[in-house]
file structure-v7.cif (mmCIF, C-alpha atoms)
data_coords
loop_
_atom_site.group_PDB
_atom_site.id
_atom_site.type_symbol
_atom_site.label_atom_id
_atom_site.label_comp_id
_atom_site.auth_asym_id
_atom_site.auth_seq_id
_atom_site.Cartn_x
_atom_site.Cartn_y
_atom_site.Cartn_z
ATOM 1 C CA MET A 1 -4.165 -20.876 13.407
ATOM 2 C CA ASN A 2 -5.679 -18.181 15.641
ATOM 3 C CA LYS A 3 -9.195 -17.302 14.388
ATOM 4 C CA LYS A 4 -9.050 -13.854 15.995
ATOM 5 C CA GLY A 5 -5.815 -13.047 14.149
ATOM 6 C CA LEU A 6 -7.304 -14.302 10.885
ATOM 7 C CA LEU A 7 -10.372 -12.118 11.431
ATOM 8 C CA PHE A 8 -8.121 -9.087 12.056
ATOM 9 C CA ILE A 9 -6.305 -9.695 8.755
ATOM 10 C CA HIS A 10 -9.562 -9.993 6.811
ATOM 11 C CA ILE A 11 -10.998 -6.805 8.364
ATOM 12 C CA ALA A 12 -7.738 -4.927 7.685
ATOM 13 C CA VAL A 13 -7.691 -5.989 4.019
ATOM 14 C CA LEU A 14 -11.363 -4.978 3.669
ATOM 15 C CA LEU A 15 -10.558 -1.544 5.158
ATOM 16 C CA TYR A 16 -7.557 -1.184 2.816
ATOM 17 C CA GLY A 17 -9.869 -2.011 -0.069
ATOM 18 C CA CYS A 18 -12.289 0.721 1.035
ATOM 19 C CA SER A 19 -9.503 3.336 1.140
ATOM 20 C CA SER A 20 -9.356 3.716 -2.655
ATOM 21 C CA PHE A 21 -13.140 4.207 -2.650
ATOM 22 C CA PHE A 22 -12.627 7.207 -0.336
ATOM 23 C CA VAL A 23 -10.119 8.710 -2.780
ATOM 24 C CA LYS A 24 -12.955 9.045 -5.304
ATOM 25 C CA LEU A 25 -15.449 10.103 -2.659
ATOM 26 C CA ILE A 26 -13.526 13.111 -1.276
ATOM 27 C CA PRO A 27 -13.284 16.023 -3.786
ATOM 28 C CA MET A 28 -9.874 17.186 -2.601
ATOM 29 C CA SER A 29 -6.528 17.285 -4.391
ATOM 30 C CA VAL A 30 -3.887 14.595 -4.130
ATOM 31 C CA TRP A 31 -1.839 16.989 -1.972
ATOM 32 C CA VAL A 32 -4.542 17.316 0.693
ATOM 33 C CA LEU A 33 -5.469 13.624 0.607
ATOM 34 C CA THR A 34 -1.852 12.495 1.028
ATOM 35 C CA LEU A 35 -1.178 14.994 3.831
ATOM 36 C CA GLY A 36 -4.495 14.326 5.570
ATOM 37 C CA ARG A 37 -4.104 10.564 5.397
ATOM 38 C CA ALA A 38 -0.642 10.729 6.946
ATOM 39 C CA LEU A 39 -1.530 13.408 9.526
ATOM 40 C CA PHE A 40 -4.647 11.835 11.042
ATOM 41 C CA SER A 41 -3.141 8.360 10.945
ATOM 42 C CA MET A 42 0.008 9.660 12.680
ATOM 43 C CA ILE A 43 -2.045 11.344 15.424
ATOM 44 C CA PHE A 44 -3.999 8.142 16.049
ATOM 45 C CA LEU A 45 -0.825 6.035 16.167
ATOM 46 C CA TYR A 46 0.794 8.503 18.590
ATOM 47 C CA PHE A 47 -1.996 8.044 21.151
ATOM 48 C CA PHE A 48 -2.107 4.307 20.445
ATOM 49 C CA MET A 49 1.593 4.031 21.267
ATOM 50 C CA ARG A 50 1.127 6.104 24.435
ATOM 51 C CA VAL A 51 -1.668 3.825 25.617
ATOM 52 C CA LYS A 52 0.390 0.713 24.838
ATOM 53 C CA HIS A 53 3.471 2.289 26.497
ATOM 54 C CA LEU A 54 5.602 1.630 23.436
ATOM 55 C CA ASP A 55 9.078 3.167 23.293
ATOM 56 C CA PHE A 56 9.361 5.959 20.714
ATOM 57 C CA ARG A 57 13.144 5.846 20.658
ATOM 58 C CA LEU A 58 15.207 3.940 18.111
ATOM 59 C CA SER A 59 18.316 2.087 19.246
ATOM 60 C CA ARG A 60 20.685 3.201 16.465
ATOM 61 C CA LEU A 61 21.234 6.476 14.641
ATOM 62 C CA ARG A 62 21.261 4.729 11.256
ATOM 63 C CA ASP A 63 17.726 3.440 11.926
ATOM 64 C CA TYR A 64 16.499 7.041 11.944
ATOM 65 C CA PHE A 65 17.985 7.392 8.464
ATOM 66 C CA TRP A 66 16.187 4.250 7.240
ATOM 67 C CA ASN A 67 12.914 5.468 8.731
ATOM 68 C CA ILE A 68 13.308 8.832 6.993
ATOM 69 C CA LEU A 69 13.966 7.076 3.681
ATOM 70 C CA ALA A 70 10.978 4.800 4.292
ATOM 71 C CA GLY A 71 8.833 7.863 5.044
ATOM 72 C CA LEU A 72 9.825 9.437 1.730
ATOM 73 C CA LEU A 73 8.939 6.215 -0.092
ATOM 74 C CA LEU A 74 5.601 6.034 1.738
ATOM 75 C CA THR A 75 4.842 9.591 0.599
ATOM 76 C CA ILE A 76 5.669 8.717 -3.020
ATOM 77 C CA HIS A 77 3.605 5.534 -2.793
ATOM 78 C CA TRP A 78 0.498 7.261 -1.399
ATOM 79 C CA PHE A 79 0.810 10.293 -3.682
ATOM 80 C CA PHE A 80 0.990 8.282 -6.909
ATOM 81 C CA PHE A 81 -1.598 5.727 -5.778
ATOM 82 C CA ILE A 82 -4.091 8.526 -5.117
ATOM 83 C CA MET A 83 -3.122 10.150 -8.443
ATOM 84 C CA SER A 84 -3.696 6.846 -10.239
ATOM 85 C CA VAL A 85 -7.210 6.485 -8.817
ATOM 86 C CA GLN A 86 -8.085 10.154 -9.387
ATOM 87 C CA VAL A 87 -7.036 10.394 -13.048
ATOM 88 C CA SER A 88 -8.421 6.986 -14.049
ATOM 89 C CA LYS A 89 -10.595 4.796 -11.829
ATOM 90 C CA VAL A 90 -10.473 2.636 -8.705
ATOM 91 C CA SER A 91 -9.905 -0.634 -10.578
ATOM 92 C CA ILE A 92 -6.855 0.710 -12.453
ATOM 93 C CA GLY A 93 -5.247 2.126 -9.302
ATOM 94 C CA THR A 94 -5.737 -0.983 -7.184
ATOM 95 C CA ILE A 95 -4.834 -3.552 -9.851
ATOM 96 C CA THR A 96 -1.606 -1.799 -10.901
ATOM 97 C CA PHE A 97 -0.650 -1.383 -7.238
ATOM 98 C CA ALA A 98 -1.213 -5.134 -6.785
ATOM 99 C CA THR A 99 1.810 -5.725 -9.048
ATOM 100 C CA TYR A 100 4.235 -4.765 -6.248
ATOM 101 C CA PRO A 101 5.166 -8.423 -5.482
ATOM 102 C CA MET A 102 6.777 -8.481 -8.949
ATOM 103 C CA PHE A 103 9.235 -5.773 -7.842
ATOM 104 C CA VAL A 104 9.725 -7.344 -4.402
ATOM 105 C CA MET A 105 10.773 -10.694 -5.882
ATOM 106 C CA PHE A 106 13.609 -8.967 -7.740
ATOM 107 C CA ILE A 107 14.674 -6.608 -4.930
ATOM 108 C CA GLU A 108 14.696 -8.927 -1.892
ATOM 109 C CA PRO A 109 17.160 -11.571 -3.194
ATOM 110 C CA TYR A 110 19.825 -8.847 -3.609
ATOM 111 C CA VAL A 111 19.103 -7.066 -0.329
ATOM 112 C CA PHE A 112 18.790 -10.150 1.882
ATOM 113 C CA LYS A 113 21.205 -12.375 -0.080
ATOM 114 C CA GLU A 114 18.469 -14.901 -0.780
ATOM 115 C CA LYS A 115 18.259 -17.291 -3.685
ATOM 116 C CA PHE A 116 16.301 -15.920 -6.634
ATOM 117 C CA GLN A 117 13.356 -18.104 -7.588
ATOM 118 C CA TYR A 118 13.330 -18.333 -11.380
ATOM 119 C CA LYS A 119 9.760 -19.633 -11.289
ATOM 120 C CA ASN A 120 8.796 -16.081 -10.356
ATOM 121 C CA LEU A 121 9.581 -15.096 -13.943
ATOM 122 C CA ILE A 122 6.297 -16.782 -14.880
ATOM 123 C CA SER A 123 4.556 -14.203 -12.680
ATOM 124 C CA LEU A 124 6.501 -11.411 -14.351
ATOM 125 C CA VAL A 125 5.307 -12.506 -17.792
ATOM 126 C CA MET A 126 1.706 -12.833 -16.545
ATOM 127 C CA ILE A 127 1.793 -9.344 -14.980
ATOM 128 C CA CYS A 128 3.226 -7.802 -18.154
ATOM 129 C CA ILE A 129 0.472 -9.451 -20.200
ATOM 130 C CA GLY A 130 -2.102 -8.206 -17.693
ATOM 131 C CA ILE A 131 -0.826 -4.627 -17.869
ATOM 132 C CA ALA A 132 -0.813 -4.807 -21.667
ATOM 133 C CA PHE A 133 -4.504 -5.731 -21.581
ATOM 134 C CA LEU A 134 -5.243 -2.839 -19.203
ATOM 135 C CA ILE A 135 -3.584 -0.186 -21.399
ATOM 136 C CA PRO A 136 -6.204 1.181 -23.832
ATOM 137 C CA ALA A 137 -3.693 3.221 -25.860
ATOM 138 C CA PHE A 138 0.047 3.897 -25.623
ATOM 139 C CA GLU A 139 -0.517 7.637 -25.307
ATOM 140 C CA LEU A 140 0.318 9.778 -22.277
ATOM 141 C CA ASP A 141 -2.734 11.977 -22.800
ATOM 142 C CA ASN A 142 -4.959 8.942 -22.215
ATOM 143 C CA MET A 143 -6.141 9.080 -18.577
ATOM 144 C CA VAL A 144 -6.261 5.300 -18.097
ATOM 145 C CA THR A 145 -2.715 4.906 -19.467
ATOM 146 C CA LEU A 146 -1.562 7.716 -17.181
ATOM 147 C CA GLY A 147 -3.324 6.021 -14.261
ATOM 148 C CA ILE A 148 -1.454 2.784 -15.004
ATOM 149 C CA ILE A 149 1.905 4.612 -15.049
ATOM 150 C CA TYR A 150 1.128 6.308 -11.724
ATOM 151 C CA GLY A 151 -0.015 2.968 -10.300
ATOM 152 C CA ILE A 152 3.231 1.247 -11.300
ATOM 153 C CA ILE A 153 5.291 4.064 -9.700
ATOM 154 C CA SER A 154 3.212 3.580 -6.545
ATOM 155 C CA SER A 155 3.786 -0.171 -6.731
ATOM 156 C CA LEU A 156 7.568 0.158 -7.168
ATOM 157 C CA SER A 157 7.933 2.625 -4.283
ATOM 158 C CA PHE A 158 5.854 0.347 -2.038
ATOM 159 C CA ALA A 159 8.017 -2.648 -2.963
ATOM 160 C CA ILE A 160 11.181 -0.788 -1.901
ATOM 161 C CA LEU A 161 9.373 0.436 1.228
ATOM 162 C CA SER A 162 8.366 -3.146 2.092
ATOM 163 C CA THR A 163 11.970 -4.288 1.770
ATOM 164 C CA ILE A 164 13.171 -1.566 4.181
ATOM 165 C CA ASN A 165 10.313 -2.346 6.580
ATOM 166 C CA ARG A 166 11.234 -6.014 6.568
ATOM 167 C CA ARG A 167 14.701 -5.092 7.865
ATOM 168 C CA LEU A 168 13.359 -2.603 10.437
ATOM 169 C CA ALA A 169 10.686 -5.043 11.644
ATOM 170 C CA LEU A 170 13.427 -7.337 12.941
ATOM 171 C CA LYS A 171 14.124 -4.782 15.697
ATOM 172 C CA TYR A 172 11.019 -2.634 16.171
ATOM 173 C CA GLU A 173 7.247 -2.893 16.537
ATOM 174 C CA GLY A 174 5.401 -2.363 13.258
ATOM 175 C CA VAL A 175 3.372 0.476 14.803
ATOM 176 C CA VAL A 176 6.549 2.324 15.800
ATOM 177 C CA ILE A 177 7.975 2.047 12.284
ATOM 178 C CA THR A 178 4.713 3.245 10.758
ATOM 179 C CA PHE A 179 4.508 6.195 13.154
ATOM 180 C CA TYR A 180 7.958 7.416 12.117
ATOM 181 C CA GLU A 181 7.245 6.930 8.420
ATOM 182 C CA GLN A 182 3.966 8.817 8.596
ATOM 183 C CA THR A 183 5.572 11.623 10.617
ATOM 184 C CA VAL A 184 8.135 12.029 7.838
ATOM 185 C CA SER A 185 5.323 11.968 5.270
ATOM 186 C CA VAL A 186 3.481 14.766 7.104
ATOM 187 C CA LEU A 187 6.631 16.916 7.221
ATOM 188 C CA VAL A 188 7.472 16.294 3.552
ATOM 189 C CA MET A 189 3.954 17.076 2.295
ATOM 190 C CA THR A 190 3.711 20.192 4.505
ATOM 191 C CA LEU A 191 7.007 21.521 3.136
ATOM 192 C CA ILE A 192 6.088 20.779 -0.489
ATOM 193 C CA ILE A 193 2.651 22.385 -0.177
ATOM 194 C CA SER A 194 4.173 25.440 1.563
ATOM 195 C CA PHE A 195 6.717 25.974 -1.214
ATOM 196 C CA ILE A 196 4.833 25.219 -4.427
ATOM 197 C CA ARG A 197 1.337 26.191 -3.192
ATOM 198 C CA PRO A 198 -0.624 23.818 -5.473
ATOM 199 C CA TYR A 199 -4.367 23.849 -6.032
ATOM 200 C CA LEU A 200 -5.836 22.038 -3.028
ATOM 201 C CA GLY A 201 -9.283 21.311 -4.379
ATOM 202 C CA GLU A 202 -12.657 21.937 -2.828
ATOM 203 C CA GLY A 203 -14.321 20.589 0.273
ATOM 204 C CA ASN A 204 -16.632 21.260 3.200
ATOM 205 C CA VAL A 205 -17.017 20.075 6.778
ATOM 206 C CA ILE A 206 -18.411 16.708 5.641
ATOM 207 C CA HIS A 207 -15.448 16.127 3.354
ATOM 208 C CA PHE A 208 -13.069 17.086 6.176
ATOM 209 C CA ILE A 209 -14.725 14.476 8.407
ATOM 210 C CA GLU A 210 -14.379 11.937 5.592
ATOM 211 C CA LEU A 211 -10.681 12.797 5.398
ATOM 212 C CA ILE A 212 -10.304 12.089 9.133
ATOM 213 C CA ILE A 213 -12.101 8.760 8.675
ATOM 214 C CA TYR A 214 -9.805 8.016 5.716
ATOM 215 C CA GLY A 215 -6.706 8.617 7.842
ATOM 216 C CA VAL A 216 -7.865 7.004 11.097
ATOM 217 C CA ILE A 217 -10.076 4.039 10.169
ATOM 218 C CA PHE A 218 -8.863 3.106 6.689
ATOM 219 C CA THR A 219 -5.181 3.737 7.386
ATOM 220 C CA ALA A 220 -4.176 3.691 11.073
ATOM 221 C CA ILE A 221 -6.730 1.186 12.413
ATOM 222 C CA ALA A 222 -6.413 -0.985 9.289
ATOM 223 C CA HIS A 223 -2.646 -1.112 9.758
ATOM 224 C CA SER A 224 -2.937 -1.810 13.506
ATOM 225 C CA LEU A 225 -5.330 -4.704 12.858
ATOM 226 C CA TYR A 226 -3.042 -6.100 10.155
ATOM 227 C CA VAL A 227 0.035 -5.944 12.403
ATOM 228 C CA SER A 228 -1.913 -7.492 15.313
ATOM 229 C CA GLY A 229 -3.120 -10.286 13.048
ATOM 230 C CA LEU A 230 0.433 -11.077 11.943
ATOM 231 C CA THR A 231 1.341 -12.051 15.534
ATOM 232 C CA SER A 232 -0.742 -15.221 15.167
ATOM 233 C CA VAL A 233 -1.121 -15.633 11.392
ATOM 234 C CA LYS A 234 1.724 -16.530 9.041
ATOM 235 C CA ALA A 235 2.881 -13.740 6.747
ATOM 236 C CA GLN A 236 2.359 -16.017 3.735
ATOM 237 C CA THR A 237 -1.296 -16.557 4.669
ATOM 238 C CA ALA A 238 -1.765 -12.811 5.187
ATOM 239 C CA SER A 239 -0.263 -12.181 1.745
ATOM 240 C CA ILE A 240 -2.797 -14.489 0.107
ATOM 241 C CA ILE A 241 -5.674 -12.752 1.913
ATOM 242 C CA SER A 242 -4.259 -9.387 0.781
ATOM 243 C CA VAL A 243 -4.987 -10.374 -2.821
ATOM 244 C CA LEU A 244 -8.638 -9.691 -1.937
ATOM 245 C CA GLU A 245 -7.902 -5.948 -1.517
ATOM 246 C CA PRO A 246 -8.347 -5.005 -5.209
ATOM 247 C CA VAL A 247 -11.375 -7.322 -5.372
ATOM 248 C CA TYR A 248 -13.047 -5.394 -2.535
ATOM 249 C CA SER A 249 -12.087 -2.062 -4.115
ATOM 250 C CA ILE A 250 -13.462 -2.967 -7.545
ATOM 251 C CA PHE A 251 -16.684 -4.345 -6.051
ATOM 252 C CA LEU A 252 -17.287 -1.131 -4.036
ATOM 253 C CA ALA A 253 -16.497 1.037 -7.086
ATOM 254 C CA ILE A 254 -18.980 -0.905 -9.220
ATOM 255 C CA LEU A 255 -21.619 -0.815 -6.480
ATOM 256 C CA PHE A 256 -21.359 2.820 -5.354
ATOM 257 C CA LEU A 257 -19.433 4.737 -8.039
ATOM 258 C CA ASP A 258 -21.054 3.089 -11.066
ATOM 259 C CA GLU A 259 -17.652 2.121 -12.471
ATOM 260 C CA ARG A 260 -17.525 -0.632 -15.048
ATOM 261 C CA LEU A 261 -14.874 -3.157 -16.001
ATOM 262 C CA TYR A 262 -14.591 -3.756 -19.746
ATOM 263 C CA TYR A 263 -13.735 -7.234 -21.029
ATOM 264 C CA GLN A 264 -10.180 -6.169 -21.802
ATOM 265 C CA GLU A 265 -9.746 -4.874 -18.243
ATOM 266 C CA MET A 266 -11.275 -8.056 -16.799
ATOM 267 C CA ILE A 267 -8.741 -10.188 -18.655
ATOM 268 C CA GLY A 268 -5.854 -7.967 -17.511
ATOM 269 C CA THR A 269 -7.123 -8.069 -13.916
ATOM 270 C CA LEU A 270 -7.320 -11.879 -13.960
ATOM 271 C CA PHE A 271 -3.765 -12.150 -15.318
ATOM 272 C CA ILE A 272 -2.365 -9.831 -12.627
ATOM 273 C CA LEU A 273 -4.279 -11.381 -9.706
ATOM 274 C CA GLY A 274 -3.343 -14.846 -10.966
ATOM 275 C CA ALA A 275 0.322 -13.836 -11.076
ATOM 276 C CA VAL A 276 0.182 -12.423 -7.528
ATOM 277 C CA ILE A 277 -1.455 -15.593 -6.183
ATOM 278 C CA PHE A 278 1.044 -17.783 -8.040
ATOM 279 C CA THR A 279 4.018 -15.809 -6.674
ATOM 280 C CA THR A 280 2.673 -15.921 -3.124
ATOM 281 C CA MET A 281 1.988 -19.661 -3.262
ATOM 282 C CA MET A 282 5.411 -20.469 -4.756
ATOM 283 C CA ASN A 283 7.231 -18.358 -2.162
ATOM 284 C CA ARG A 284 5.170 -19.968 0.557
ATOM 285 C CA LYS A 285 6.349 -23.425 -0.547
ATOM 286 C CA VAL A 286 9.974 -22.244 -0.640
ATOM 287 C CA GLU A 287 9.778 -20.716 2.856
ATOM 288 C CA SER A 288 8.160 -23.940 4.178
ATOM 289 C CA VAL A 289 11.106 -25.933 2.849
ATOM 290 C CA TYR A 290 13.570 -23.573 4.588
ATOM 291 C CA GLU A 291 11.579 -23.819 7.862
ATOM 292 C CA GLU A 292 11.757 -27.620 7.733
#

call {"tool": "encode", "arguments": {"input": "structure-v7.cif", "output": "structure tokens"}}
result
Amino acid sequence: MNKKGLLFIHIAVLLYGCSSFFVKLIPMSVWVLTLGRALFSMIFLYFFMRVKHLDFRLSRLRDYFWNILAGLLLTIHWFFFIMSVQVSKVSIGTITFATYPMFVMFIEPYVFKEKFQYKNLISLVMICIGIAFLIPAFELDNMVTLGIIYGIISSLSFAILSTINRRLALKYEGVVITFYEQTVSVLVMTLIISFIRPYLGEGNVIHFIELIIYGVIFTAIAHSLYVSGLTSVKAQTASIISVLEPVYSIFLAILFLDERLYYQEMIGTLFILGAVIFTTMMNRKVESVYEE
């Protein structure tokens, strides 16, 4: 295994973990954070593609449609993930987002005509138990409960997005796909903000610089490192390393934001992370059998 590729994956996952910390750090609305993240990441990727001399064109008209759909899903994913962190706390947003493999394991067998692994149902039960522990009260006016709902919406949209990206990645560079998706996200958020004119929050020059850092370092560069790492590291290995993302996020939130995990939340977190690791390991064994 290439050590450089492995290092890239670890750095990317660490940067992803820091991104939720920035959501709490920047006192701007979800509308500005979603638009800014997509905009500055898109600009960086544009110049990156120019330097690498990557082709911007897609080979088929239908692929433009799939990229537009993927861009809409990316917008939904980012919007609700940021909402989840803002209304509750970093741990709730990252842990509920980490449930996306549960949705993927049900979606992919139908899309790619693959055999459904019934052992994955164990993960489903574990995740449901974990979420039940996280929910403090079954009331929509409870901010933590609302954060969990937003996090699950973010997780579901990302699972569908991942399935579309898996199909597109067979023909195009990951950076090219991401550039198109983020371009769509910028257009969608600009149109929505122009029409409904929501409250955009407060901010100064420092916060604007933080927003640029959020879009460039913790989104575009993180993604570029992750994609580069995948050229020499197996996707299954990368998936296992990705489980560390919520761990990094929670650690940073405890260290710098003075957030605390209650015993009930700790138990729920362990159930969900355990389910994600179990699913990844089981799917890794299945894929190894198919490769042999």

call {"tool": "residues_around", "arguments": {"input": "structure-v7.cif", "residues": "Phe81 of chain A", "least_positions_apart": "6", "cutoff": "9 Å", "atoms": "all atoms listed in the file", "output": "VMD selection string"}}
result
chain A and resid 20 93 to 94 97 147 150 to 155

call {"tool": "residues_around", "arguments": {"input": "structure-v7.cif", "residues": "segment 216-233 of chain A", "least_positions_apart": "3", "cutoff": "6 Å", "atoms": "only C-alpha atoms", "output": "PDB file with C-alpha atoms, keeping the file's coordinate frame"}}
result
ATOM      1  CA  ASN A   2      -5.679 -18.181  15.641  1.00  0.00           C
ATOM      2  CA  GLY A   5      -5.815 -13.047  14.149  1.00  0.00           C
ATOM      3  CA  PHE A   8      -8.121  -9.087  12.056  1.00  0.00           C
ATOM      4  CA  ILE A   9      -6.305  -9.695   8.755  1.00  0.00           C
ATOM      5  CA  ALA A  12      -7.738  -4.927   7.685  1.00  0.00           C
ATOM      6  CA  LEU A  15     -10.558  -1.544   5.158  1.00  0.00           C
ATOM      7  CA  TYR A  16      -7.557  -1.184   2.816  1.00  0.00           C
ATOM      8  CA  SER A  19      -9.503   3.336   1.140  1.00  0.00           C
ATOM      9  CA  PHE A  40      -4.647  11.835  11.042  1.00  0.00           C
ATOM     10  CA  SER A  41      -3.141   8.360  10.945  1.00  0.00           C
ATOM     11  CA  ILE A 212     -10.304  12.089   9.133  1.00  0.00           C
ATOM     12  CA  ILE A 213     -12.101   8.760   8.675  1.00  0.00           C
TER      13      ILE A 213
END

call {"tool": "resolve_selection", "arguments": {"input": "structure-v7.cif", "expression": "the PyMOL selection byres ((chain A and resi 134) around 12)", "output": "PDB file with C-alpha atoms, in the coordinates of the input"}}
result
ATOM      1  CA  SER A  88      -8.421   6.986 -14.049  1.00  0.00           C
ATOM      2  CA  LYS A  89     -10.595   4.796 -11.829  1.00  0.00           C
ATOM      3  CA  SER A  91      -9.905  -0.634 -10.578  1.00  0.00           C
ATOM      4  CA  ILE A  92      -6.855   0.710 -12.453  1.00  0.00           C
ATOM      5  CA  GLY A  93      -5.247   2.126  -9.302  1.00  0.00           C
ATOM      6  CA  ILE A  95      -4.834  -3.552  -9.851  1.00  0.00           C
ATOM      7  CA  THR A  96      -1.606  -1.799 -10.901  1.00  0.00           C
ATOM      8  CA  ILE A 127       1.793  -9.344 -14.980  1.00  0.00           C
ATOM      9  CA  CYS A 128       3.226  -7.802 -18.154  1.00  0.00           C
ATOM     10  CA  ILE A 129       0.472  -9.451 -20.200  1.00  0.00           C
ATOM     11  CA  GLY A 130      -2.102  -8.206 -17.693  1.00  0.00           C
ATOM     12  CA  ILE A 131      -0.826  -4.627 -17.869  1.00  0.00           C
ATOM     13  CA  ALA A 132      -0.813  -4.807 -21.667  1.00  0.00           C
ATOM     14  CA  PHE A 133      -4.504  -5.731 -21.581  1.00  0.00           C
ATOM     15  CA  ILE A 135      -3.584  -0.186 -21.399  1.00  0.00           C
ATOM     16  CA  PRO A 136      -6.204   1.181 -23.832  1.00  0.00           C
ATOM     17  CA  ALA A 137      -3.693   3.221 -25.860  1.00  0.00           C
ATOM     18  CA  PHE A 138       0.047   3.897 -25.623  1.00  0.00           C
ATOM     19  CA  MET A 143      -6.141   9.080 -18.577  1.00  0.00           C
ATOM     20  CA  VAL A 144      -6.261   5.300 -18.097  1.00  0.00           C
ATOM     21  CA  THR A 145      -2.715   4.906 -19.467  1.00  0.00           C
ATOM     22  CA  LEU A 146      -1.562   7.716 -17.181  1.00  0.00           C
ATOM     23  CA  GLY A 147      -3.324   6.021 -14.261  1.00  0.00           C
ATOM     24  CA  ILE A 148      -1.454   2.784 -15.004  1.00  0.00           C
ATOM     25  CA  ILE A 149       1.905   4.612 -15.049  1.00  0.00           C
ATOM     26  CA  GLY A 151      -0.015   2.968 -10.300  1.00  0.00           C
ATOM     27  CA  LEU A 261     -14.874  -3.157 -16.001  1.00  0.00           C
ATOM     28  CA  TYR A 262     -14.591  -3.756 -19.746  1.00  0.00           C
ATOM     29  CA  TYR A 263     -13.735  -7.234 -21.029  1.00  0.00           C
ATOM     30  CA  GLN A 264     -10.180  -6.169 -21.802  1.00  0.00           C
ATOM     31  CA  GLU A 265      -9.746  -4.874 -18.243  1.00  0.00           C
ATOM     32  CA  MET A 266     -11.275  -8.056 -16.799  1.00  0.00           C
ATOM     33  CA  ILE A 267      -8.741 -10.188 -18.655  1.00  0.00           C
ATOM     34  CA  GLY A 268      -5.854  -7.967 -17.511  1.00  0.00           C
ATOM     35  CA  THR A 269      -7.123  -8.069 -13.916  1.00  0.00           C
ATOM     36  CA  LEU A 270      -7.320 -11.879 -13.960  1.00  0.00           C
ATOM     37  CA  PHE A 271      -3.765 -12.150 -15.318  1.00  0.00           C
ATOM     38  CA  ILE A 272      -2.365  -9.831 -12.627  1.00  0.00           C
TER      39      ILE A 272
END

call {"tool": "atom_distance", "arguments": {"input": "structure-v7.cif", "atom1": "atom CA of Ile209 of chain A", "atom2": "atom CA of Tyr248 of chain A"}}
result
22.7 Å

call {"tool": "closest_residue", "arguments": {"input": "structure-v7.cif", "among": "A:Ile122, A:Met28, A:Ile277, A:Ile177", "to": "Glu210 of chain A", "atoms": "only C-alpha atoms"}}
result
A:Met28

call {"tool": "residues_around", "arguments": {"input": "structure-v7.cif", "residues": "Ile192 of chain A", "least_positions_apart": "3", "cutoff": "12 Å", "atoms": "all atoms listed in the file", "output": "VMD selection string"}}
result
chain A and resid 31 to 32 34 to 35 75 185 to 189 195 to 198

call {"tool": "write_last_selection", "arguments": {"input": "structure-v7.cif", "atoms": "C-alpha atoms", "output": "CSV table (one decimal), in the frame of the given file"}}
result
chain,number,residue,atom,x,y,z
A,31,TRP,CA,-1.8,17.0,-2.0
A,32,VAL,CA,-4.5,17.3,0.7
A,34,THR,CA,-1.9,12.5,1.0
A,35,LEU,CA,-1.2,15.0,3.8
A,75,THR,CA,4.8,9.6,0.6
A,185,SER,CA,5.3,12.0,5.3
A,186,VAL,CA,3.5,14.8,7.1
A,187,LEU,CA,6.6,16.9,7.2
A,188,VAL,CA,7.5,16.3,3.6
A,189,MET,CA,4.0,17.1,2.3
A,195,PHE,CA,6.7,26.0,-1.2
A,196,ILE,CA,4.8,25.2,-4.4
A,197,ARG,CA,1.3,26.2,-3.2
A,198,PRO,CA,-0.6,23.8,-5.5
